[in-house]
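Shown next: coords-v4.cif, given as mmCIF, N, CA and C atoms.
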```
data_coords
loop_
_atom_site.label_atom_id
_atom_site.label_comp_id
_atom_site.auth_asym_id
_atom_site.auth_seq_id
_atom_site.Cartn_x
_atom_site.Cartn_y
_atom_site.Cartn_z
N MET L 1 88.55 184.65 2.73
CA MET L 1 88.70 185.48 1.53
C MET L 1 87.34 186.09 1.17
N ARG L 2 87.40 187.31 0.69
CA ARG L 2 86.19 188.00 0.24
C ARG L 2 85.90 187.58 -1.20
N GLN L 3 84.66 187.65 -1.58
CA GLN L 3 84.22 187.28 -2.92
C GLN L 3 83.78 188.56 -3.64
N PHE L 4 84.30 188.75 -4.86
CA PHE L 4 84.00 189.95 -5.63
C PHE L 4 83.39 189.55 -6.97
N LEU L 5 82.23 190.09 -7.25
CA LEU L 5 81.57 189.88 -8.53
C LEU L 5 81.94 191.04 -9.44
N VAL L 6 82.57 190.71 -10.56
CA VAL L 6 83.01 191.72 -11.52
C VAL L 6 82.23 191.51 -12.81
N VAL L 7 81.70 192.61 -13.35
CA VAL L 7 81.00 192.58 -14.64
C VAL L 7 81.74 193.54 -15.55
N TYR L 8 82.13 193.04 -16.72
CA TYR L 8 83.06 193.76 -17.59
C TYR L 8 82.57 193.69 -19.03
N ARG L 9 82.60 194.84 -19.72
CA ARG L 9 82.27 194.87 -21.14
C ARG L 9 83.57 194.78 -21.93
N ARG L 10 83.74 193.66 -22.61
CA ARG L 10 85.00 193.36 -23.29
C ARG L 10 85.35 194.34 -24.40
N SER L 11 84.37 194.67 -25.25
CA SER L 11 84.68 195.44 -26.47
C SER L 11 85.27 196.81 -26.17
N VAL L 12 84.90 197.39 -25.06
CA VAL L 12 85.40 198.74 -24.73
C VAL L 12 86.28 198.75 -23.49
N GLY L 13 86.49 197.57 -22.89
CA GLY L 13 87.34 197.50 -21.71
C GLY L 13 86.78 198.29 -20.55
N ARG L 14 85.47 198.18 -20.32
CA ARG L 14 84.84 198.99 -19.28
C ARG L 14 84.31 198.11 -18.15
N LEU L 15 84.67 198.47 -16.94
CA LEU L 15 84.14 197.82 -15.75
C LEU L 15 82.72 198.32 -15.53
N LEU L 16 81.77 197.41 -15.49
CA LEU L 16 80.37 197.78 -15.29
C LEU L 16 79.95 197.66 -13.83
N ALA L 17 80.59 196.72 -13.12
CA ALA L 17 80.26 196.53 -11.71
C ALA L 17 81.38 195.79 -11.02
N CYS L 18 81.58 196.12 -9.76
CA CYS L 18 82.47 195.37 -8.88
C CYS L 18 81.79 195.36 -7.52
N GLU L 19 81.27 194.21 -7.14
CA GLU L 19 80.51 194.10 -5.90
C GLU L 19 81.23 193.18 -4.92
N ASP L 20 81.40 193.66 -3.71
CA ASP L 20 81.95 192.85 -2.63
C ASP L 20 80.80 192.03 -2.07
N LEU L 21 80.85 190.72 -2.26
CA LEU L 21 79.76 189.84 -1.84
C LEU L 21 80.02 189.17 -0.50
N GLY L 22 81.06 189.58 0.18
CA GLY L 22 81.34 189.00 1.49
C GLY L 22 82.17 187.73 1.37
N THR L 23 82.07 186.86 2.37
CA THR L 23 82.95 185.70 2.43
C THR L 23 82.26 184.36 2.15
N ASP L 24 80.97 184.37 1.94
CA ASP L 24 80.23 183.12 1.68
C ASP L 24 80.35 182.77 0.20
N ARG L 25 81.24 181.83 -0.10
CA ARG L 25 81.53 181.46 -1.49
C ARG L 25 80.30 180.89 -2.20
N ALA L 26 79.52 180.04 -1.52
CA ALA L 26 78.34 179.44 -2.14
C ALA L 26 77.32 180.51 -2.50
N ALA L 27 77.08 181.44 -1.61
CA ALA L 27 76.13 182.52 -1.89
C ALA L 27 76.64 183.40 -3.03
N ALA L 28 77.95 183.65 -3.06
CA ALA L 28 78.54 184.46 -4.12
C ALA L 28 78.40 183.76 -5.47
N LEU L 29 78.62 182.45 -5.50
CA LEU L 29 78.45 181.70 -6.76
C LEU L 29 77.01 181.78 -7.24
N ALA L 30 76.07 181.69 -6.34
CA ALA L 30 74.66 181.79 -6.72
C ALA L 30 74.38 183.15 -7.35
N GLN L 31 74.96 184.21 -6.79
CA GLN L 31 74.77 185.55 -7.36
C GLN L 31 75.44 185.67 -8.72
N ARG L 32 76.60 185.04 -8.85
CA ARG L 32 77.29 185.05 -10.15
C ARG L 32 76.43 184.38 -11.21
N PHE L 33 75.90 183.19 -10.88
CA PHE L 33 75.08 182.47 -11.85
C PHE L 33 73.83 183.25 -12.22
N GLU L 34 73.24 183.95 -11.26
CA GLU L 34 72.07 184.78 -11.54
C GLU L 34 72.44 185.92 -12.48
N ARG L 35 73.57 186.56 -12.23
CA ARG L 35 74.01 187.67 -13.10
C ARG L 35 74.32 187.15 -14.50
N GLU L 36 74.94 185.97 -14.59
CA GLU L 36 75.22 185.38 -15.91
C GLU L 36 73.92 185.11 -16.67
N ARG L 37 72.89 184.65 -15.97
CA ARG L 37 71.59 184.42 -16.63
C ARG L 37 71.03 185.73 -17.17
N ARG L 38 71.17 186.80 -16.41
CA ARG L 38 70.65 188.10 -16.86
C ARG L 38 71.43 188.64 -18.06
N GLU L 39 72.70 188.31 -18.15
CA GLU L 39 73.56 188.84 -19.22
C GLU L 39 73.75 187.86 -20.38
N LYS L 40 73.07 186.73 -20.37
CA LYS L 40 73.34 185.64 -21.32
C LYS L 40 73.17 186.02 -22.78
N ASP L 41 72.36 187.03 -23.07
CA ASP L 41 72.13 187.41 -24.46
C ASP L 41 73.15 188.40 -24.99
N ASP L 42 74.09 188.80 -24.16
CA ASP L 42 75.12 189.76 -24.58
C ASP L 42 76.49 189.11 -24.45
N PRO L 43 77.03 188.57 -25.55
CA PRO L 43 78.33 187.89 -25.48
C PRO L 43 79.50 188.83 -25.18
N ASP L 44 79.24 190.13 -25.19
CA ASP L 44 80.29 191.11 -24.90
C ASP L 44 80.47 191.32 -23.40
N ILE L 45 79.58 190.77 -22.60
CA ILE L 45 79.63 190.94 -21.15
C ILE L 45 80.31 189.73 -20.52
N GLU L 46 81.30 190.01 -19.70
CA GLU L 46 82.01 188.97 -18.95
C GLU L 46 81.63 189.11 -17.48
N VAL L 47 81.20 188.01 -16.87
CA VAL L 47 80.84 187.98 -15.46
C VAL L 47 81.82 187.06 -14.75
N ILE L 48 82.54 187.59 -13.77
CA ILE L 48 83.61 186.84 -13.10
C ILE L 48 83.43 186.94 -11.60
N LEU L 49 83.74 185.86 -10.91
CA LEU L 49 83.77 185.87 -9.45
C LEU L 49 85.21 185.64 -9.02
N PHE L 50 85.76 186.59 -8.29
CA PHE L 50 87.13 186.51 -7.80
C PHE L 50 87.12 186.37 -6.28
N SER L 51 88.11 185.67 -5.75
CA SER L 51 88.37 185.63 -4.31
C SER L 51 89.64 186.42 -4.05
N ALA L 52 89.57 187.31 -3.07
CA ALA L 52 90.74 188.13 -2.74
C ALA L 52 90.60 188.60 -1.29
N PRO L 53 91.72 188.89 -0.64
CA PRO L 53 91.64 189.37 0.75
C PRO L 53 91.02 190.76 0.87
N SER L 54 91.11 191.56 -0.22
CA SER L 54 90.55 192.91 -0.19
C SER L 54 90.35 193.39 -1.62
N GLU L 55 89.58 194.47 -1.77
CA GLU L 55 89.40 195.05 -3.10
C GLU L 55 90.72 195.59 -3.63
N ALA L 56 91.54 196.15 -2.76
CA ALA L 56 92.84 196.66 -3.18
C ALA L 56 93.71 195.54 -3.74
N ALA L 57 93.69 194.38 -3.09
CA ALA L 57 94.46 193.24 -3.58
C ALA L 57 93.92 192.77 -4.94
N LEU L 58 92.61 192.74 -5.07
CA LEU L 58 92.00 192.35 -6.34
C LEU L 58 92.42 193.31 -7.45
N MET L 59 92.44 194.59 -7.16
CA MET L 59 92.83 195.58 -8.16
C MET L 59 94.29 195.43 -8.58
N ARG L 60 95.12 194.97 -7.67
CA ARG L 60 96.54 194.72 -8.02
C ARG L 60 96.68 193.47 -8.86
N THR L 61 95.99 192.40 -8.49
CA THR L 61 96.19 191.12 -9.18
C THR L 61 95.43 191.01 -10.50
N HIS L 62 94.38 191.80 -10.67
CA HIS L 62 93.57 191.75 -11.89
C HIS L 62 93.34 193.17 -12.43
N ALA L 63 94.44 193.89 -12.57
CA ALA L 63 94.39 195.31 -12.91
C ALA L 63 93.66 195.59 -14.22
N ARG L 64 93.70 194.68 -15.16
CA ARG L 64 93.09 194.97 -16.47
C ARG L 64 91.61 195.27 -16.36
N TYR L 65 90.95 194.76 -15.36
CA TYR L 65 89.52 195.03 -15.19
C TYR L 65 89.26 196.42 -14.60
N PHE L 66 90.27 197.04 -14.02
CA PHE L 66 90.08 198.29 -13.29
C PHE L 66 90.78 199.48 -13.93
N ARG L 67 91.56 199.23 -14.97
CA ARG L 67 92.29 200.32 -15.62
C ARG L 67 91.67 200.61 -16.98
N THR L 68 91.77 201.86 -17.40
CA THR L 68 91.24 202.24 -18.70
C THR L 68 92.15 201.70 -19.80
N GLU L 69 91.62 201.68 -21.00
CA GLU L 69 92.41 201.24 -22.15
C GLU L 69 93.67 202.09 -22.31
N GLU L 70 93.53 203.40 -22.10
CA GLU L 70 94.69 204.30 -22.20
C GLU L 70 95.74 203.97 -21.14
N GLN L 71 95.30 203.71 -19.92
CA GLN L 71 96.24 203.35 -18.86
C GLN L 71 96.97 202.06 -19.20
N LEU L 72 96.26 201.08 -19.74
CA LEU L 72 96.90 199.82 -20.11
C LEU L 72 97.91 200.02 -21.23
N ARG L 73 97.58 200.85 -22.21
CA ARG L 73 98.53 201.15 -23.30
C ARG L 73 99.78 201.82 -22.75
N ASN L 74 99.59 202.78 -21.85
CA ASN L 74 100.74 203.47 -21.24
C ASN L 74 101.60 202.49 -20.45
N ASP L 75 100.97 201.58 -19.72
CA ASP L 75 101.71 200.57 -18.99
C ASP L 75 102.55 199.71 -19.94
N LEU L 76 101.93 199.33 -21.06
CA LEU L 76 102.64 198.50 -22.05
C LEU L 76 103.82 199.26 -22.63
N ARG L 77 103.62 200.52 -22.98
CA ARG L 77 104.73 201.33 -23.50
C ARG L 77 105.86 201.44 -22.49
N ALA L 78 105.51 201.70 -21.24
CA ALA L 78 106.51 201.86 -20.21
C ALA L 78 107.28 200.57 -19.98
N SER L 79 106.61 199.45 -20.01
CA SER L 79 107.29 198.17 -19.77
C SER L 79 108.16 197.77 -20.96
N SER L 80 107.75 198.14 -22.17
CA SER L 80 108.54 197.78 -23.34
C SER L 80 109.76 198.68 -23.53
N SER L 81 109.77 199.84 -22.89
CA SER L 81 110.91 200.74 -23.02
C SER L 81 112.00 200.43 -21.99
N ASN L 82 111.70 199.54 -21.05
CA ASN L 82 112.69 199.19 -20.02
C ASN L 82 113.53 198.03 -20.44
#
```
Whole structure given in structure tokens:
Amino acid sequence: MRQFLVVYRRSVGRLLACEDLGTDRAAALAQRFERERREKDDPDIEVILFSAPSEAALMRTHARYFRTEEQLRNDLRASSSN
């Protein structure tokens, strides 16, 4: 599985970074912890490490990190009308 480092600003629902870190989980965790240290003074920043077979799969399983607020609202409207 590939390791993806995602950095997300919660208050505005904005993806700040999505990095493919390869398949070495230990190295990816080290990079995650380093990024968390850099972002520690901003509680609005979320740093996540995901495992997925591909970026496309990650975007399907964790769409909220990759879609705009408007897209998410439209999805919600569409699902509630069915």
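Here the PyMOL selection byres ((chain L and resi 21-28) around 6.5) matches the residues L:Met1, L:Arg2, L:Gln3, L:Phe4, L:Leu5, L:Glu19, L:Asp20, L:Leu29, L:Ala30, L:Gln31, L:Arg32, L:Phe33.
Secondary structure by DSSP on the backbone puts the following residues of stretch 4-70 of chain L in helix (DSSP H, G or I): Arg25, Ala26, Ala27, Ala28, Leu29, Ala30, Gln31, Arg32, Phe33, Glu34, Arg35, Glu36, Arg37, Arg38, Glu39, Glu55, Ala56, Ala57, Leu58, Met59, Arg60, Thr61, Ala63, Arg64, Tyr65, Glu69 and Glu70 of chain L.
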### Summary
As a check of understanding: the span from atom CA of L:Leu16 to atom CA of L:Asn74 is 22.0 Å
### Query
By how many Å are atom CA of L:Arg77 and atom CA of L:Arg64 apart?
15.0 Å
Hey, can I get the axis-aligned box for stretch 46-52 of chain L? All listed atoms, 5 Å padding on each side, centre and edge lengths in Å to one decimal, as JSON.
```
{"center_x": 85.8, "center_y": 187.8, "center_z": -10.5, "size_x": 19.9, "size_y": 14.4, "size_z": 28.4}
```
#### Entry: Proximity to L:Val7 - best of L:Glu69, L:Glu39, L:Asp75, L:Glu46, all atoms listed in the file
L:Glu46
